[in-house]
Every structure is written in structure tokens, then in C-alpha cells.
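**Q** Data file entry-v2.txt (compact mmCIF, C-alpha atoms and all ligand atoms) is appended below.
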```
# COMPACT_ATOMS: atom_id res chain seq x y z
CA MET A 24 0.00 0.00 0.00
CA THR A 25 2.58 2.55 -1.07
CA ASP A 26 0.33 4.31 -3.52
CA GLU A 27 1.78 7.62 -4.61
CA THR A 28 -1.49 9.37 -3.88
CA LEU A 29 -1.54 8.04 -0.34
CA THR A 30 1.90 9.60 0.03
CA GLY A 31 0.21 12.83 -0.98
CA LEU A 32 -1.96 12.49 2.15
CA GLY A 33 1.14 12.08 4.30
CA TRP A 34 1.30 8.25 4.27
CA SER A 35 4.73 6.67 4.60
CA ASP A 36 6.46 3.35 5.28
CA HIS A 37 6.12 4.06 8.98
CA PHE A 38 2.36 3.37 8.61
CA ALA A 39 2.62 0.70 5.93
CA ARG A 40 4.78 -1.37 8.30
CA GLN A 41 1.94 -1.43 10.84
CA LEU A 42 -0.50 -3.20 8.51
CA THR A 43 -1.26 -6.85 9.27
CA PRO A 44 -3.13 -9.50 7.26
CA GLU A 45 -6.15 -8.83 9.47
CA ASP A 46 -6.37 -5.33 8.02
CA THR A 47 -7.26 -6.63 4.55
CA GLY A 48 -10.30 -4.78 3.32
CA LEU A 49 -9.63 -1.71 5.48
CA THR A 50 -8.46 1.54 3.93
CA PRO A 51 -6.21 4.23 5.40
CA ALA A 52 -7.85 7.54 6.27
CA ARG A 53 -6.33 10.64 7.79
CA ILE A 54 -8.21 12.55 10.47
CA ALA A 55 -8.93 16.13 9.45
CA GLU A 56 -11.42 17.15 12.15
CA VAL A 57 -12.47 15.65 15.46
CA HIS A 58 -16.08 16.25 16.46
CA ARG A 59 -17.92 15.11 19.54
CA ASP A 60 -19.43 12.02 17.96
CA ARG A 61 -17.69 11.59 14.62
CA LEU A 62 -14.43 12.04 12.81
CA ARG A 63 -14.03 13.84 9.52
CA ALA A 64 -11.31 12.12 7.50
CA VAL A 65 -9.59 12.51 4.17
CA THR A 66 -9.19 9.37 2.09
CA LEU A 67 -8.17 8.59 -1.46
CA ALA A 68 -11.87 8.65 -2.35
CA GLY A 69 -12.36 12.11 -0.84
CA GLN A 70 -13.76 13.20 2.51
CA ALA A 71 -15.55 10.75 4.77
CA ASP A 72 -17.31 10.88 8.11
CA LEU A 73 -16.27 8.00 10.34
CA LEU A 74 -17.61 6.74 13.63
CA PRO A 75 -14.91 6.39 16.25
CA SER A 76 -14.30 2.96 17.79
CA GLU A 77 -12.87 4.58 20.92
CA SER A 78 -13.83 7.86 22.60
CA THR A 79 -13.29 10.75 20.19
CA GLY A 80 -10.81 12.17 22.70
CA THR A 81 -8.45 9.41 21.58
CA TYR A 82 -8.03 10.93 18.14
CA VAL A 83 -6.34 14.12 17.06
CA VAL A 84 -6.02 15.93 13.79
CA GLY A 85 -3.33 14.33 11.66
CA ASP A 86 -3.85 10.78 12.98
CA TRP A 87 -3.98 7.88 10.53
CA VAL A 88 -6.72 5.31 11.03
CA LEU A 89 -7.83 2.21 9.14
CA SER A 90 -11.44 2.43 8.09
CA ASP A 91 -14.15 0.01 6.94
CA ALA A 92 -15.93 2.99 5.32
CA THR A 93 -18.15 3.49 8.39
CA HIS A 94 -15.83 3.20 11.37
CA ALA A 95 -12.31 4.17 12.29
CA VAL A 96 -11.47 0.55 13.11
CA ARG A 97 -7.91 1.04 14.27
CA ARG A 98 -5.66 4.03 14.92
CA LEU A 99 -2.10 3.67 13.71
CA THR A 100 0.86 4.64 15.87
CA PRO A 101 1.90 8.14 14.79
CA THR A 102 5.43 9.25 13.91
CA GLY A 103 5.07 11.68 16.81
CA ASP A 104 2.59 13.67 18.84
CA ILE A 105 2.46 17.34 19.67
CA THR A 106 1.32 17.34 23.28
CA ARG A 107 0.78 19.75 26.09
CA ARG A 108 -0.39 19.66 29.64
CA ALA A 109 -4.14 20.16 29.45
CA ALA A 110 -5.38 23.51 30.69
CA GLY A 111 -7.26 23.43 33.96
CA ARG A 112 -6.79 21.90 37.37
CA ASP A 113 -6.75 18.28 36.27
CA VAL A 114 -3.24 17.14 35.51
CA ARG A 115 -3.40 15.47 32.13
CA ILE A 116 -1.23 15.24 29.03
CA GLN A 117 -3.26 16.22 26.02
CA ARG A 118 -2.41 15.29 22.44
CA ILE A 119 -2.90 18.26 20.15
CA ALA A 120 -1.87 16.97 16.73
CA ALA A 121 -0.14 13.95 15.24
CA ASN A 122 2.16 13.11 12.37
CA VAL A 123 3.43 16.65 11.98
CA ASP A 124 6.56 16.88 9.83
CA THR A 125 7.37 20.49 10.64
CA LEU A 126 6.29 22.65 13.55
CA GLY A 127 6.02 26.22 12.30
CA ILE A 128 6.67 28.35 15.38
CA VAL A 129 5.14 31.72 14.55
CA THR A 130 6.10 34.87 16.38
CA SER A 131 6.15 38.47 15.30
CA CYS A 132 8.89 41.08 15.29
CA ASN A 133 7.39 42.96 18.22
CA ALA A 134 6.53 42.48 21.89
CA ASP A 135 5.39 38.91 21.21
CA PHE A 136 8.98 37.90 20.53
CA ASN A 137 10.28 35.98 23.52
CA VAL A 138 13.35 33.77 23.47
CA ALA A 139 12.20 31.64 26.42
CA ARG A 140 8.91 30.90 24.68
CA LEU A 141 10.73 29.98 21.47
CA GLU A 142 12.88 27.54 23.41
CA ARG A 143 9.76 25.93 24.87
CA TYR A 144 8.34 25.47 21.40
CA LEU A 145 11.66 24.05 20.18
CA ALA A 146 11.55 21.48 22.99
CA LEU A 147 7.95 20.71 22.05
CA ALA A 148 8.91 20.21 18.40
CA HIS A 149 11.76 17.91 19.32
CA SER A 150 9.58 15.79 21.59
CA GLY A 151 6.91 15.65 18.90
CA GLY A 152 9.39 14.26 16.41
CA CYS A 153 9.11 17.24 14.09
CA LEU A 154 11.46 19.70 12.51
CA PRO A 155 11.23 23.20 14.05
CA LEU A 156 10.82 26.14 11.71
CA ILE A 157 10.65 29.61 13.22
CA VAL A 158 8.53 32.05 11.25
CA LEU A 159 8.98 35.71 12.17
CA THR A 160 6.03 37.77 10.96
CA LYS A 161 5.45 41.51 10.71
CA PRO A 162 9.02 42.44 9.72
CA ASP A 163 7.38 45.19 7.64
CA MET A 164 6.18 46.86 10.86
CA ALA A 165 9.48 46.66 12.76
CA GLU A 166 12.40 49.02 12.43
CA ASP A 167 14.89 46.38 13.51
CA ALA A 168 13.51 43.18 11.98
CA ASP A 169 17.01 41.83 11.40
CA THR A 170 17.89 41.84 15.09
CA TYR A 171 14.96 39.47 15.72
CA LEU A 172 16.17 37.16 12.99
CA ARG A 173 19.72 37.22 14.37
CA GLN A 174 18.51 36.43 17.90
CA THR A 175 16.54 33.51 16.52
CA GLN A 176 19.45 32.15 14.55
CA ARG A 177 21.58 32.24 17.69
CA LEU A 178 19.15 29.91 19.49
CA SER A 179 20.56 26.78 17.91
CA PRO A 180 22.47 25.98 14.76
CA LEU A 181 19.81 23.38 13.98
CA VAL A 182 16.98 25.88 13.77
CA THR A 183 15.81 27.35 10.50
CA ALA A 184 14.32 30.81 10.83
CA ILE A 185 12.49 32.78 8.19
CA SER A 186 11.24 36.33 8.41
CA LEU A 187 8.31 37.20 6.17
CA ASN A 188 5.34 39.48 5.78
CA ALA A 189 2.38 37.14 6.22
CA ARG A 190 0.17 39.51 4.23
CA ASP A 191 2.30 39.14 1.11
CA PRO A 192 1.50 35.84 -0.66
CA GLU A 193 4.80 35.95 -2.55
CA GLU A 194 6.73 36.03 0.70
CA VAL A 195 4.55 33.33 2.25
CA ALA A 196 5.42 31.10 -0.72
CA ARG A 197 8.83 30.69 0.92
CA LEU A 198 7.12 28.25 3.30
CA THR A 199 6.20 25.94 0.40
CA PRO A 200 9.12 23.49 0.89
CA TRP A 201 7.62 22.51 4.26
CA CYS A 202 4.07 21.96 3.02
CA LYS A 203 4.29 20.32 -0.37
CA ASN A 204 4.20 16.67 -1.54
CA GLY A 205 2.13 15.44 1.39
CA GLN A 206 4.31 17.18 3.99
CA THR A 207 2.43 18.35 7.07
CA LEU A 208 3.15 21.73 8.61
CA ALA A 209 1.51 22.76 11.90
CA LEU A 210 1.43 26.35 13.07
CA VAL A 211 1.73 27.33 16.71
CA GLY A 212 2.09 30.73 18.32
CA SER A 213 0.28 33.38 20.30
CA SER A 214 -2.95 34.94 19.23
CA GLY A 215 -2.52 37.69 16.69
CA VAL A 216 0.91 36.79 15.33
CA GLY A 217 -0.50 35.99 11.88
CA LYS A 218 -1.32 32.27 11.83
CA THR A 219 -4.68 32.75 10.12
CA THR A 220 -3.13 35.12 7.60
CA LEU A 221 -0.48 32.49 6.80
CA ARG A 222 -3.10 29.76 6.65
CA ASN A 223 -5.17 31.70 4.15
CA ALA A 224 -2.14 32.32 1.94
CA LEU A 225 -0.99 28.70 2.09
CA THR A 226 -4.40 27.08 1.57
CA GLY A 227 -6.18 29.68 -0.54
CA GLY A 228 -8.80 29.83 2.21
CA ASP A 229 -10.54 32.87 3.56
CA ALA A 230 -10.81 32.32 7.31
CA ALA A 231 -11.41 35.61 9.11
CA THR A 232 -8.19 37.04 10.53
CA ARG A 233 -7.94 38.77 13.85
CA GLY A 234 -7.93 42.20 12.26
CA ILE A 235 -11.24 41.48 10.60
CA ARG A 236 -12.71 39.69 13.57
CA GLU A 237 -12.01 42.66 15.82
CA ASP A 238 -14.49 44.69 13.78
CA ASP A 239 -16.96 41.92 14.30
CA ALA A 240 -19.39 42.92 17.06
CA ARG A 241 -19.80 39.29 18.10
CA GLY A 242 -16.23 39.37 19.37
CA ARG A 243 -15.05 36.06 17.94
CA HIS A 244 -11.34 36.17 18.32
CA THR A 245 -9.72 32.79 18.32
CA THR A 246 -9.27 30.02 15.85
CA THR A 247 -11.06 27.11 17.48
CA ASN A 248 -10.95 24.23 15.00
CA ARG A 249 -7.85 22.19 14.71
CA SER A 250 -8.26 21.04 11.20
CA LEU A 251 -6.07 19.53 8.56
CA ALA A 252 -6.33 21.64 5.44
CA PRO A 253 -4.80 20.93 2.02
CA THR A 254 -2.22 23.50 0.96
CA LEU A 255 -2.03 24.91 -2.55
CA ALA A 256 1.40 23.29 -2.84
CA GLY A 257 0.06 19.76 -2.28
CA GLY A 258 0.79 19.33 1.42
CA TRP A 259 -1.18 19.80 4.62
CA LEU A 260 -1.59 22.51 7.20
CA ILE A 261 -2.66 22.10 10.82
CA ASP A 262 -3.66 25.29 12.54
CA THR A 263 -3.99 24.88 16.30
CA PRO A 264 -5.74 27.40 18.52
CA GLY A 265 -3.48 29.99 20.18
CA MET A 266 -1.55 27.98 22.71
CA ARG A 267 -1.35 30.62 25.37
CA GLU A 268 -1.56 28.09 28.15
CA LEU A 269 1.25 26.03 26.73
CA GLN A 270 2.66 24.00 29.57
CA LEU A 271 5.52 21.67 29.01
CA ALA A 272 5.26 18.18 30.38
CA ASP A 273 7.20 15.05 29.56
CA VAL A 274 9.43 16.85 27.10
CA GLY A 275 12.69 16.34 28.98
CA ASP A 276 14.31 14.90 25.86
CA GLY A 277 13.30 18.01 23.92
CA ILE A 278 14.83 20.30 26.55
CA SER A 279 18.07 18.31 26.41
CA ALA A 280 18.15 18.74 22.64
CA VAL A 281 17.55 22.48 22.78
CA PHE A 282 20.11 23.01 25.55
CA ASP A 283 22.60 20.33 24.54
CA ASP A 284 25.49 22.81 24.85
CA ILE A 285 24.76 23.34 28.57
CA GLU A 286 24.06 19.67 29.24
CA GLU A 287 27.34 18.76 27.58
CA LEU A 288 29.23 21.31 29.69
CA ALA A 289 27.51 20.01 32.83
CA LEU A 290 29.02 16.57 32.19
CA THR A 291 32.43 18.05 32.90
CA CYS A 292 31.52 19.78 36.19
CA ARG A 293 33.56 18.42 39.10
CA PHE A 294 30.47 17.24 40.99
CA ARG A 295 27.96 15.03 39.26
CA ASN A 296 25.08 16.74 41.03
CA CYS A 297 26.46 20.23 40.42
CA ALA A 298 23.67 22.84 40.47
CA HIS A 299 25.90 25.28 38.54
CA GLU A 300 25.33 27.87 41.22
CA GLY A 301 28.91 28.57 42.22
CA GLU A 302 30.20 25.15 43.23
CA PRO A 303 33.95 24.70 42.71
CA GLY A 304 34.94 23.15 39.40
CA CYS A 305 31.67 24.12 37.69
CA ALA A 306 32.23 24.00 33.92
CA VAL A 307 28.97 25.83 33.23
CA GLN A 308 29.88 28.83 35.36
CA ALA A 309 33.38 28.78 33.85
CA ALA A 310 31.85 29.01 30.37
CA ILE A 311 29.77 32.01 31.48
CA THR A 312 32.87 33.72 32.88
CA ALA A 313 34.74 33.02 29.66
CA GLY A 314 31.89 34.60 27.68
CA ASP A 315 31.09 31.31 25.92
CA LEU A 316 27.66 30.93 27.49
CA ASP A 317 24.93 33.46 28.10
CA ALA A 318 23.96 33.56 31.81
CA ASP A 319 20.31 34.19 30.85
CA ARG A 320 20.34 31.02 28.83
CA LEU A 321 21.39 29.04 31.91
CA THR A 322 18.52 30.62 33.87
CA ARG A 323 16.00 29.77 31.13
CA TRP A 324 17.25 26.19 31.01
CA GLY A 325 16.79 25.83 34.76
CA LYS A 326 13.29 27.28 34.56
CA LEU A 327 12.18 24.97 31.78
CA LEU A 328 13.61 21.94 33.55
CA ARG A 329 11.75 22.85 36.73
CA GLU A 330 8.52 23.41 34.80
CA ASP A 331 8.83 20.09 33.00
CA ARG A 332 9.69 18.25 36.21
CA HIS A 333 6.84 19.87 38.10
CA ASN A 334 4.29 19.04 35.40
CA SER A 335 5.60 15.56 34.75
CA GLU A 336 5.79 14.71 38.43
CA SER A 337 2.26 15.89 38.90
CA VAL A 338 1.23 13.64 36.04
CA ALA A 339 2.90 10.66 37.71
CA GLU A 340 1.34 11.60 41.01
CA ALA A 341 -2.06 11.93 39.43
CA ARG A 342 -1.67 8.47 37.90
CA ALA A 343 -0.66 7.02 41.25
CA ARG A 344 -3.64 8.71 42.88
CA GLY A 345 -5.92 7.30 40.18
CA LYS A 346 -4.57 3.80 40.79
CA ALA A 347 -4.94 4.10 44.55
CA PHE A 348 -8.54 5.28 44.09
CA ASN A 349 -9.31 2.39 41.73
CA ARG A 350 -7.92 -0.01 44.29
CA VAL A 351 -10.18 1.41 46.99
CA VAL A 352 -13.18 1.10 44.67
CA LYS A 353 -12.25 -2.48 43.74
CA GLU A 354 -11.85 -3.45 47.38
CA ALA A 355 -15.18 -1.91 48.26
CA VAL A 356 -16.90 -3.69 45.36
CA SER A 357 -15.40 -7.08 46.19
CA LYS A 358 -16.30 -6.63 49.85
CA SER A 359 -19.92 -5.91 49.01
CA LYS A 360 -19.93 -8.89 46.60
CA ARG A 361 -18.63 -11.15 49.34
CA LYS A 362 -21.40 -9.92 51.60
CA ARG A 363 -24.02 -10.74 48.99
CA THR A 364 -22.72 -14.27 48.21
CA PRO A 365 -25.47 -16.74 49.30
CA GLY A 366 -24.44 -19.16 51.96
CA ASP A 367 -21.63 -16.89 53.04
CA THR A 368 -22.12 -16.42 56.74
CA ALA A 369 -19.08 -14.32 57.36
N1 LIG B 1 1.83 44.19 8.58
C1 LIG B 1 1.66 42.90 8.86
N2 LIG B 1 0.51 42.51 9.44
C2 LIG B 1 0.33 41.21 9.70
C3 LIG B 1 1.35 40.25 9.41
N3 LIG B 1 0.89 39.04 9.81
C4 LIG B 1 -0.34 39.22 10.31
N4 LIG B 1 -0.69 40.54 10.25
C5 LIG B 1 -1.95 41.15 10.74
O1 LIG B 1 -2.06 40.87 12.12
C6 LIG B 1 -3.42 40.65 12.49
C7 LIG B 1 -3.54 39.30 13.19
O2 LIG B 1 -3.30 38.24 12.27
P1 LIG B 1 -4.04 36.80 12.37
O3 LIG B 1 -3.61 36.04 11.17
O4 LIG B 1 -5.48 36.94 12.60
O5 LIG B 1 -3.36 36.22 13.69
P2 LIG B 1 -3.59 34.76 14.36
O6 LIG B 1 -2.26 34.29 14.79
O7 LIG B 1 -4.34 33.87 13.43
O8 LIG B 1 -4.49 35.05 15.62
P3 LIG B 1 -5.47 34.01 16.41
O9 LIG B 1 -6.42 33.41 15.42
O10 LIG B 1 -6.15 34.85 17.42
O11 LIG B 1 -4.58 32.96 17.03
C8 LIG B 1 -4.22 40.74 11.20
O12 LIG B 1 -4.74 42.05 11.13
C9 LIG B 1 -3.18 40.52 10.12
O13 LIG B 1 -3.53 41.13 8.90
C10 LIG B 1 2.58 40.71 8.82
O14 LIG B 1 3.53 39.95 8.55
N5 LIG B 1 2.66 42.04 8.57
ZN ZN B 2 28.25 22.97 37.26
```
Would you encode the structure as C-alpha cells?
Ligand SMILES: Nc1nc2c(ncn2[C@@H]2O[C@H](COP(=O)(O)OP(=O)(O)OP(=O)(O)O)[C@@H](O)[C@H]2O)c(=O)[nH]1
Ligand SMILES: [Zn+2]
**A**
Amino acid sequence: MTDETLTGLGWSDHFARQLTPEDTGLTPARIAEVHRDRLRAVTLAGQADLLPSESTGTYVVGDWVLSDATHAVRRLTPTGDITRRAAGRDVRIQRIAANVDTLGIVTSCNADFNVARLERYLALAHSGGCLPLIVLTKPDMAEDADTYLRQTQRLSPLVTAISLNARDPEEVARLTPWCKNGQTLALVGSSGVGKTTLRNALTGGDAATRGIREDDARGRHTTTNRSLAPTLAGGWLIDTPGMRELQLADVGDGISAVFDDIEELALTCRFRNCAHEGEPGCAVQAAITAGDLDADRLTRWGKLLREDRHNSESVAEARARGKAFNRVVKEAVSKSKRKRTPGDTA
């Protein structure tokens, strides 16, 4: 099942390898929208509405499923998941999108620009198994657009950064390499940085942008659907709602990748548990003194690590609590069963 057209939907060997003889008769479908009681999918035959075989919360935009034309019979393991800690008091990891090739991290050349936030998104991209691409919008409105680009390029030699006016379709066309030939690009970033404007240019759509929506007396102001939209270049675009409550959890590997320079230095500190706060023989502090490492960067690394640990620990704790609660319920149920067993005089 390596049909060229399936490749156009984002299919690859990664999914083909998961097929078993039992799947004969089922066809691959890619989830484009998740609704309360049904899934909208794209297939080789066009769009299809499928009934989920698990709770719809199991599926996210970008997932591949095998379908019998009515149901999503089986969900295939994705190449990676973009996740976050769910907003609210419940501690829960929430999948946001799956099978994303490139995470387009959108920020604008103004007050939205924030190095620490970019680093969080880079960690998120790494943990989600996708390539990070930083898109700096509104350079046309900034006097010093180049300084933003330079700061971004300094983040990591592995990061590609592009500065473009999202309102100019010719400039937006520079994003084509990341969303053609079945490639999936997902956009993340604060509200108002230009994601809808980019989406419209890339897909030929006409979703209302923030500028237009502000004139709208009904006060709609956020993009709520997370849908998979075909791009004009033959790829796919996932536009997630403004992730203002982005909380990192379980992305320790991503943080290590983004701050590999510091983690490598830390290996050569005299003490294995060095906190890099002035201990003797600290290689990290030595690098700061020598001007090889930015002290702010060390602070941001520490903050992200603490955030990730806090959120991930809470997740583990919540799981443990859930298990303990289940045990109590089970014990109570089996006790009451024992009581009701006929002939049991105990
Ligand atoms: N001058 C200029 N304006 C831009 C650029 N990108 C976006 N805008 C404008 O900024 C405003 C916000 O853009 P949107 O595309 O709605 O932002 P968004 O990220 O989709 O916002 P949410 O849907 O709330 O997440 C609109 O008025 C756009 O026309 C740019 O590169 N240059
Ligand atoms: Zn140290």
C-alpha cells in the first residue's frame, strides 16, 4: 500500500509497516477534524465521516486510522505527537496533533517575541518528532527586523528561521518546501501573530483574521478548529488554537536537545550533582565567565527543567492517585460482593 497518492496524504512506510493480514479490506484515512461524535477524515476517495471505535478524545487531527468505510477501526501509531499539559486543574497530558513533519513556530517582530517561549516550542517540536521552523512575521512593521532574525538564529544551529510578511503571498510562498508533496506543517504561536493570515495564503482559504474579527461585534477572536487543510502546494496545514496556556510536560528529551550545549558542559563539572550555582569546578559557570555561554540562557534552562519536572511529576502523582482510588473502589466492590454471596455467613 505505497500508492503515490496516499503519500500525498502524508502516508509513509512508517504506517505501511503497521499493517497486518487482518487489516485486509480496510483503507487508510487521515483525520482532518475531530467532532464530539464523529471524525471527519480525508481518504483517497475524498472526505468521509467515520464513527470512532474509541472515545473521540483518543483521536487528534493528523492521525492515521484504518477504516471500513463506516468506522475508524484502528488508529495507527503516529510518527510523533504534539502534546501539552491540558489547561485546567486536572493534571493530564493532552495530544494536540499527530504526524506533523514540521512545527512552524510563529512569532512576530514585536513584543510577542520571547526567546524563552521559542525555546519551549523548540523542545515541544523535538519531543513531537518534528522539525522546528521559526517564522517571524510583521518584519514590515518593525524598524529592527534583522535583530529578531539574528537572535533567533543564535538559538541553535539546527533551527531554521524565516522572516516574512504574512500579508504578502509571494513572501509566504517561501514556506512551500515545508508543506508540499504530502508534507504536514503545523502552526503554533500566540494569538494575533499571523497564523490565520499564513493559513489563508498557504491554503487559498478565507478564514477571518484577527484584524477582521475585531471589527466583528460578536467578538469572535480565536481560531477554534484544529483542522487539517490541504495546501495549494500539495501538502497539509494544521492550525492549532493559540496555545497561550502552553505548559511543558514530559518533554525532557526536547529540553536536552535544545540546551545540549549546557548539558554537555555540565558533564564536565567536578560534581555530578552540580547545580551550577557557584560550586567549585563548575564548567557551566566557567563558560559564562569566559563569555562562551549566556547567563540568561542558563537561567531559562533551569526554569524549563523545573517546569517540566513539576508538570511531569504531577502527572505521575495523578496516575498514582488514580490507581490508589481504583484499588479502593475495587476493594469496596469485592467486599460488598462477598457480603451478597449466598451461603456466606461471614
Ligand atoms: N503588517 C503585517 N501585518 C500582519 C502580518 N501578519 C499578520 N498581520 C496582521 O495581524 C493581524 C492578526 O493576524 P491573524 O492572522 O489573525 O493572527 P492569528 O495568529 O491567526 O491570531 P489568532 O487566530 O487569534 O490565534 C491581522 O490584522 C493581520 O492582517 C505581517 O507579517 N505584517
Ligand atoms: Zn556545574
**Q** Set the distance at 7 Å and use all atoms listed in the file: which residues neighbour stretch 253-261 of chain A once local chain neighbours fewer than 4 positions away are removed? I'd like the list as a list in words.
**A**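 Here the qualifying residues turn out to be Gly31, Thr199, Cys202, Lys203, Asn204, Gly205, Gln206, Thr207, Leu208, Ala209, Leu210, Leu225, Thr226, Gly227 and Arg249 of chain A.
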**Q** Using all atoms listed in the file, which of the listed residues (A:Leu154, A:Leu145, A:Leu67, A:Ile119) sits closest to A:Ile105?
**A**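 Between A:Leu154, A:Leu145, A:Leu67, A:Ile119, the residue approaching A:Ile105 most closely is A:Ile119.
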**Q** I'd like the interatomic distance between atom CA of A:Glu194 and atom O12 of ligand LIG 1 (chain B), to a tenth of an Å.
**A**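 Computing the Euclidean distance for atom CA of A:Glu194 and atom O12 of ligand LIG 1 (chain B) yields 16.6 Å.
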**Q** Could the centre and edge lengths of an axis-aligned box, enclosing all atoms of stretch 128-131 of chain A in the file with 3 Å extra on each side, be given in Å to one decimal as AutoDock Vina command-line options?
**A**
```
--center_x 5.9 --center_y 33.4 --center_z 15.5 --size_x 7.5 --size_y 16.1 --size_z 7.8
```
**Q** Can you build me a table of chain A residues sitting at most 10 Å from ligand ZN 2 (chain B), with the closest atom pair per residue and its distance in Å to one decimal, using only C-alpha atoms and all ligand atoms, sorted by chain and residue number, as CSV?
**A**
```
residue,atom,partner,partner_atom,distance
A:Ile285,CA,B:ZN2,ZN,9.4
A:Glu286,CA,B:ZN2,ZN,9.6
A:Leu288,CA,B:ZN2,ZN,7.8
A:Ala289,CA,B:ZN2,ZN,5.4
A:Leu290,CA,B:ZN2,ZN,8.2
A:Thr291,CA,B:ZN2,ZN,7.8
A:Cys292,CA,B:ZN2,ZN,4.7
A:Arg293,CA,B:ZN2,ZN,7.2
A:Phe294,CA,B:ZN2,ZN,7.2
A:Arg295,CA,B:ZN2,ZN,8.2
A:Asn296,CA,B:ZN2,ZN,7.9
A:Cys297,CA,B:ZN2,ZN,4.5
A:Ala298,CA,B:ZN2,ZN,5.6
A:His299,CA,B:ZN2,ZN,3.5
A:Glu300,CA,B:ZN2,ZN,6.9
A:Gly301,CA,B:ZN2,ZN,7.5
A:Glu302,CA,B:ZN2,ZN,6.6
A:Pro303,CA,B:ZN2,ZN,8.1
A:Gly304,CA,B:ZN2,ZN,7.0
A:Cys305,CA,B:ZN2,ZN,3.6
A:Ala306,CA,B:ZN2,ZN,5.3
A:Val307,CA,B:ZN2,ZN,5.0
A:Gln308,CA,B:ZN2,ZN,6.4
A:Ala309,CA,B:ZN2,ZN,8.5
A:Ala310,CA,B:ZN2,ZN,9.8
```
**Q** Could you save the residues just selected, with C-alpha atoms, as a PDB file, in the frame of the given file?
**A**
```
ATOM      1  CA  ILE A 285      24.760  23.340  28.570  1.00  0.00           C
ATOM      2  CA  GLU A 286      24.060  19.670  29.240  1.00  0.00           C
ATOM      3  CA  LEU A 288      29.230  21.310  29.690  1.00  0.00           C
ATOM      4  CA  ALA A 289      27.510  20.010  32.830  1.00  0.00           C
ATOM      5  CA  LEU A 290      29.020  16.570  32.190  1.00  0.00           C
ATOM      6  CA  THR A 291      32.430  18.050  32.900  1.00  0.00           C
ATOM      7  CA  CYS A 292      31.520  19.780  36.190  1.00  0.00           C
ATOM      8  CA  ARG A 293      33.560  18.420  39.100  1.00  0.00           C
ATOM      9  CA  PHE A 294      30.470  17.240  40.990  1.00  0.00           C
ATOM     10  CA  ARG A 295      27.960  15.030  39.260  1.00  0.00           C
ATOM     11  CA  ASN A 296      25.080  16.740  41.030  1.00  0.00           C
ATOM     12  CA  CYS A 297      26.460  20.230  40.420  1.00  0.00           C
ATOM     13  CA  ALA A 298      23.670  22.840  40.470  1.00  0.00           C
ATOM     14  CA  HIS A 299      25.900  25.280  38.540  1.00  0.00           C
ATOM     15  CA  GLU A 300      25.330  27.870  41.220  1.00  0.00           C
ATOM     16  CA  GLY A 301      28.910  28.570  42.220  1.00  0.00           C
ATOM     17  CA  GLU A 302      30.200  25.150  43.230  1.00  0.00           C
ATOM     18  CA  PRO A 303      33.950  24.700  42.710  1.00  0.00           C
ATOM     19  CA  GLY A 304      34.940  23.150  39.400  1.00  0.00           C
ATOM     20  CA  CYS A 305      31.670  24.120  37.690  1.00  0.00           C
ATOM     21  CA  ALA A 306      32.230  24.000  33.920  1.00  0.00           C
ATOM     22  CA  VAL A 307      28.970  25.830  33.230  1.00  0.00           C
ATOM     23  CA  GLN A 308      29.880  28.830  35.360  1.00  0.00           C
ATOM     24  CA  ALA A 309      33.380  28.780  33.850  1.00  0.00           C
ATOM     25  CA  ALA A 310      31.850  29.010  30.370  1.00  0.00           C
TER      26      ALA A 310
END
```
**Q** Which residues, protein or nucleic acid, reach to within 6 Å of (-4.2, 13.9, 3.5) in the file's coordinates when using all atoms listed in the file, and can you give that as an MDAnalysis selection string?
**A** chainID A and resid 32:33 53 65
**Q** Hey, can you spit out that residue selection with C-alpha atoms as a PDB file, in the frame of the given file?
**A**
```pdb
ATOM      1  CA  LEU A  32      -1.960  12.490   2.150  1.00  0.00           C
ATOM      2  CA  GLY A  33       1.140  12.080   4.300  1.00  0.00           C
ATOM      3  CA  ARG A  53      -6.330  10.640   7.790  1.00  0.00           C
ATOM      4  CA  VAL A  65      -9.590  12.510   4.170  1.00  0.00           C
TER       5      VAL A  65
END
```
**Q** Go through A:Glu287, A:Glu193, A:Glu330, A:Glu142 one by one, measure the shortest atom-to-atom distance of each to ligand LIG 1 (chain B) using all atoms listed in the file, and give the residue with the smallest value.
**A**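 So, comparing all the options, the nearest one is A:Glu193.
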**Q** Can you work out which one of A:Leu251, A:Ala168, A:Ala184, A:Ile116 has the shortest atom-to-atom distance to A:Asp86, counting only C-alpha atoms?
**A**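 Residue with the minimum atom-to-atom distance to A:Asp86: A:Leu251.
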**Q** Show me the residues close to (10.6, 34.5, 12.7) - anything with an atom within 7 Å, counting only C-alpha atoms - and format the list as a ChimeraX atom specification.
**A** /A:129-131,157-160,172,184-186
**Q** Print the selection's residues with C-alpha atoms to a file, as a PDB file, keeping the file's coordinate frame.
**A**
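Contents of the output file part00.pdb:
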```
ATOM      1  CA  VAL A 129       5.140  31.720  14.550  1.00  0.00           C
ATOM      2  CA  THR A 130       6.100  34.870  16.380  1.00  0.00           C
ATOM      3  CA  SER A 131       6.150  38.470  15.300  1.00  0.00           C
ATOM      4  CA  ILE A 157      10.650  29.610  13.220  1.00  0.00           C
ATOM      5  CA  VAL A 158       8.530  32.050  11.250  1.00  0.00           C
ATOM      6  CA  LEU A 159       8.980  35.710  12.170  1.00  0.00           C
ATOM      7  CA  THR A 160       6.030  37.770  10.960  1.00  0.00           C
ATOM      8  CA  LEU A 172      16.170  37.160  12.990  1.00  0.00           C
ATOM      9  CA  ALA A 184      14.320  30.810  10.830  1.00  0.00           C
ATOM     10  CA  ILE A 185      12.490  32.780   8.190  1.00  0.00           C
ATOM     11  CA  SER A 186      11.240  36.330   8.410  1.00  0.00           C
TER      12      SER A 186
END
```
**Q** Of the candidates A:Leu221, A:Ile278, A:Ala52, A:Leu62, which one gets nearest to ligand LIG 1 (chain B) if we count all atoms listed in the file?
**A** A:Leu221
